[in-house]
Structures are given as C-alpha cells and as structure tokens.
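Colleague: For reference, the structure I am asking about is given below.
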Amino acid sequence: MNIDLHLPEAAGWRGLLTQAQQNAHRFLPDVVEEYLVCLLYRMLGSAGETRHISARFARQLMAAGDAHARDLAAVGDQSLLFAGLFPDHAIRQKIPLSYFVQVGSHAYREHAATRRGEDRAIYQALADHFVVTLDVLLGIRELNTGGPCLDGLNAFQLWSEAGSSHGWHTLRQMTKSLPASMNLVKH
C-alpha cells in the first residue's frame, strides 16, 4: 500500500494517525494527537520540497549544535518529522535517529519551560511522549513503504536508548534472537 504523505485535509492525517496508533498499539494523548495533526497538515499538507527541507534541517542542526540559537518548538517539530517520516535521509547521512530523540525532546522540554498554561502543558506532553509519537510516525512511514524503514543499528539504538517499541518490533522482524540489554552487556 502506498500512502500519499501530502494529504490535502487534516481529516486525512487524523485517520492515518488513528490507523498507525492502532497498528502500533501505542496511543497518543489527545493534546499530542491534535498538535501532531496540525503539524502534519501544516508541514506536509501540500506538495513541496519537504524532503529537501528536512535534509537541509539535519545539516543545519548538526552544524549549529545549539538548540537555543533556534526556535525550540521548530527544532522539536523538525526533529520529530525528520526522524519519524524521513528516517532514510538520516540513515544515509549517518545520523543516528536517537540523536533526534534527544534533541527534539529536549527542545520541547526547554520550550515548555518558557511557556505558561495550556502552551506549557502541550509542549511538556510532546517532550514526555516524544518516543511514542516517533513510533507512531515510523508506523505511518512503514504503511507508506510497506516494509521496515529502520536499519538494525538504528532500531537497536531507538529501543535501547529511548525505549522505542517500534525499534523493538523492527529488531524482532529482523531476527528471532532477543537483543541483549546494554545493562547486561556492561560487566
């Protein structure tokens, strides 16, 4: 099945998110789901140079190294979208997806600290549920490609460093062996 990642309506993104959450058995809080629907529609709702923008963002992020020099919410958004929907670009550039988890969740957390009220709660929820949201986006990507979108190393890193269930399931599809926890390996 090939899914158009440039859906013309927010309702299409909501339906796709619902399907991906059900497939992954991972469910987002309502506030995160609503934010994500708006983000996907805003960033990908119309055809354009999305992949080139995302690749350019990764290069700028790696070169800058300082999230405070940028709009923290935008850093969180771009990290989430880049790692979740375009992991192949990060993998080709040899950037571990776990790096985007660290940068994105930290950016949302720092942005939440500067906000008040509902805004603060939204960005704190995005930080707290970054990995689950990433898992759902990776599920959307796999619905689009029809197969795994992660290599073994990134799947292992996402699982072992960030607690990603998508990383775990990808590893289980690659091998029947159970990966060792990093805690067991360090003696």
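Labels for the structure tokens follow display order: chains A, B, ..., residues from 1 in each chain, ligands from 1.
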Need the shell around Leu81 in chain A: protein/DNA/RNA residues with any atom at most 12 Å away, counting only C-alpha atoms. Skip same-chain ones fewer than 3 positions apart. Format as a VMD selection string?

Modeller: chain A and resid 5 36 to 37 39 to 44 50 to 51 53 to 55 57 to 58 74 to 78 84 to 87 89 to 90 97 100 to 101 104 130 to 131 133 to 138 140 to 141

Colleague: Based on the selection just made, write C-alpha atoms of those residues as a short mmCIF file (atom, residue, chain, number, x, y, z; two decimals), in the first residue's frame.

Modeller:
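After the write, result-v4.cif holds the following:
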data_model
loop_
_atom_site.label_atom_id
_atom_site.label_comp_id
_atom_site.auth_asym_id
_atom_site.auth_seq_id
_atom_site.Cartn_x
_atom_site.Cartn_y
_atom_site.Cartn_z
CA LEU A 5 2.25 11.82 2.51
CA LEU A 36 0.53 16.37 15.50
CA VAL A 37 -2.45 16.55 13.12
CA LEU A 39 1.80 19.93 12.41
CA LEU A 40 1.49 17.26 9.71
CA TYR A 41 -1.11 19.26 7.82
CA ARG A 42 0.89 22.48 8.11
CA MET A 43 4.25 20.96 7.16
CA LEU A 44 3.22 18.23 4.73
CA THR A 50 9.54 18.52 2.18
CA ARG A 51 12.36 16.00 1.92
CA ILE A 53 13.75 20.91 3.69
CA SER A 54 14.17 18.04 6.15
CA ALA A 55 17.62 17.12 4.86
CA PHE A 57 17.39 20.98 8.56
CA ALA A 58 19.50 17.98 9.60
CA ALA A 74 10.55 24.34 15.50
CA VAL A 75 13.57 22.23 16.47
CA GLY A 76 11.27 19.77 18.24
CA ASP A 77 8.86 19.70 15.30
CA GLN A 78 11.57 19.20 12.68
CA GLY A 84 9.62 9.79 12.03
CA LEU A 85 8.77 10.29 8.39
CA PHE A 86 12.16 10.53 6.69
CA PRO A 87 14.43 8.18 8.64
CA HIS A 89 17.59 10.51 4.99
CA ALA A 90 19.10 10.47 8.48
CA LEU A 97 17.77 8.58 14.93
CA PHE A 100 16.85 13.41 17.00
CA VAL A 101 15.03 11.91 20.00
CA GLY A 104 13.69 17.03 19.85
CA PHE A 130 8.29 12.11 22.04
CA VAL A 131 9.27 8.45 21.61
CA THR A 133 4.93 9.94 18.83
CA LEU A 134 8.04 8.93 16.89
CA ASP A 135 6.90 5.29 16.99
CA VAL A 136 3.54 6.30 15.51
CA LEU A 137 5.20 8.36 12.76
CA LEU A 138 7.54 5.47 11.92
CA ILE A 140 2.96 5.78 9.16
CA ARG A 141 6.20 5.61 7.20
#

Colleague: Taking only C-alpha atoms into account, produce a table as a Markdown table in which each residue of range 72-138 of chain A with an atom at most 7 Å from an atom of range 29-32 of chain A appears once, together with its shortest atom pair and the distance in Å to one decimal, ordered by chain and rising number.

Modeller:
| residue | atom | partner | partner_atom | distance |
| --- | --- | --- | --- | --- |
| A:Ile122 | CA | A:Val31 | CA | 6.3 |
| A:Ala125 | CA | A:Val32 | CA | 6.6 |
| A:Leu126 | CA | A:Val32 | CA | 6.1 |

Colleague: Pick the closest to Asp71 in chain A from A:Ala112, A:Ile95, A:Ala127, A:Ala83: which is it, counting only C-alpha atoms?

Modeller: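 Of A:Ala112, A:Ile95, A:Ala127, A:Ala83, the one nearest Asp71 in chain A, counting only C-alpha atoms, is A:Ala112.
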
Colleague: To one decimal place in Å, what is the distance between CA of Asp151 in chain A and CA of Gln21 in chain A?

Modeller: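 It comes out at 21.5 Å.
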
Colleague: Find the residue from A:Val132, A:Gln124, A:Pro96, A:Thr114 that sits nearest to Leu150 in chain A; use only C-alpha atoms when measuring.

Modeller: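 Once distances to Leu150 in chain A are computed over only C-alpha atoms, the minimum belongs to A:Pro96.
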
Colleague: Determine the nearest neighbour of Ser160 in chain A from the options A:Ser98, A:Gln22, A:Glu9, A:Leu72, counting only C-alpha atoms.

Modeller: A:Ser98

Colleague: Between A:Thr175, A:Gln93, A:Thr170, A:Ser79, which residue has the minimum interatomic distance to Gly147 in chain A, considering only C-alpha atoms?

Modeller: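 Comparing A:Thr175, A:Gln93, A:Thr170, A:Ser79 against Gly147 in chain A, the winner is A:Thr170.
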
Colleague: Which is closer to Glu34 in chain A than all the others in A:His129, A:Gln157, A:Trp13, A:Gln19, using only C-alpha atoms?

Modeller: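 Smallest separation from Glu34 in chain A among the options: A:Trp13.
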
Colleague: In Å, how far is it from CA of Asp119 in chain A to CA of Leu28 in chain A?

Modeller: 17.3 Å
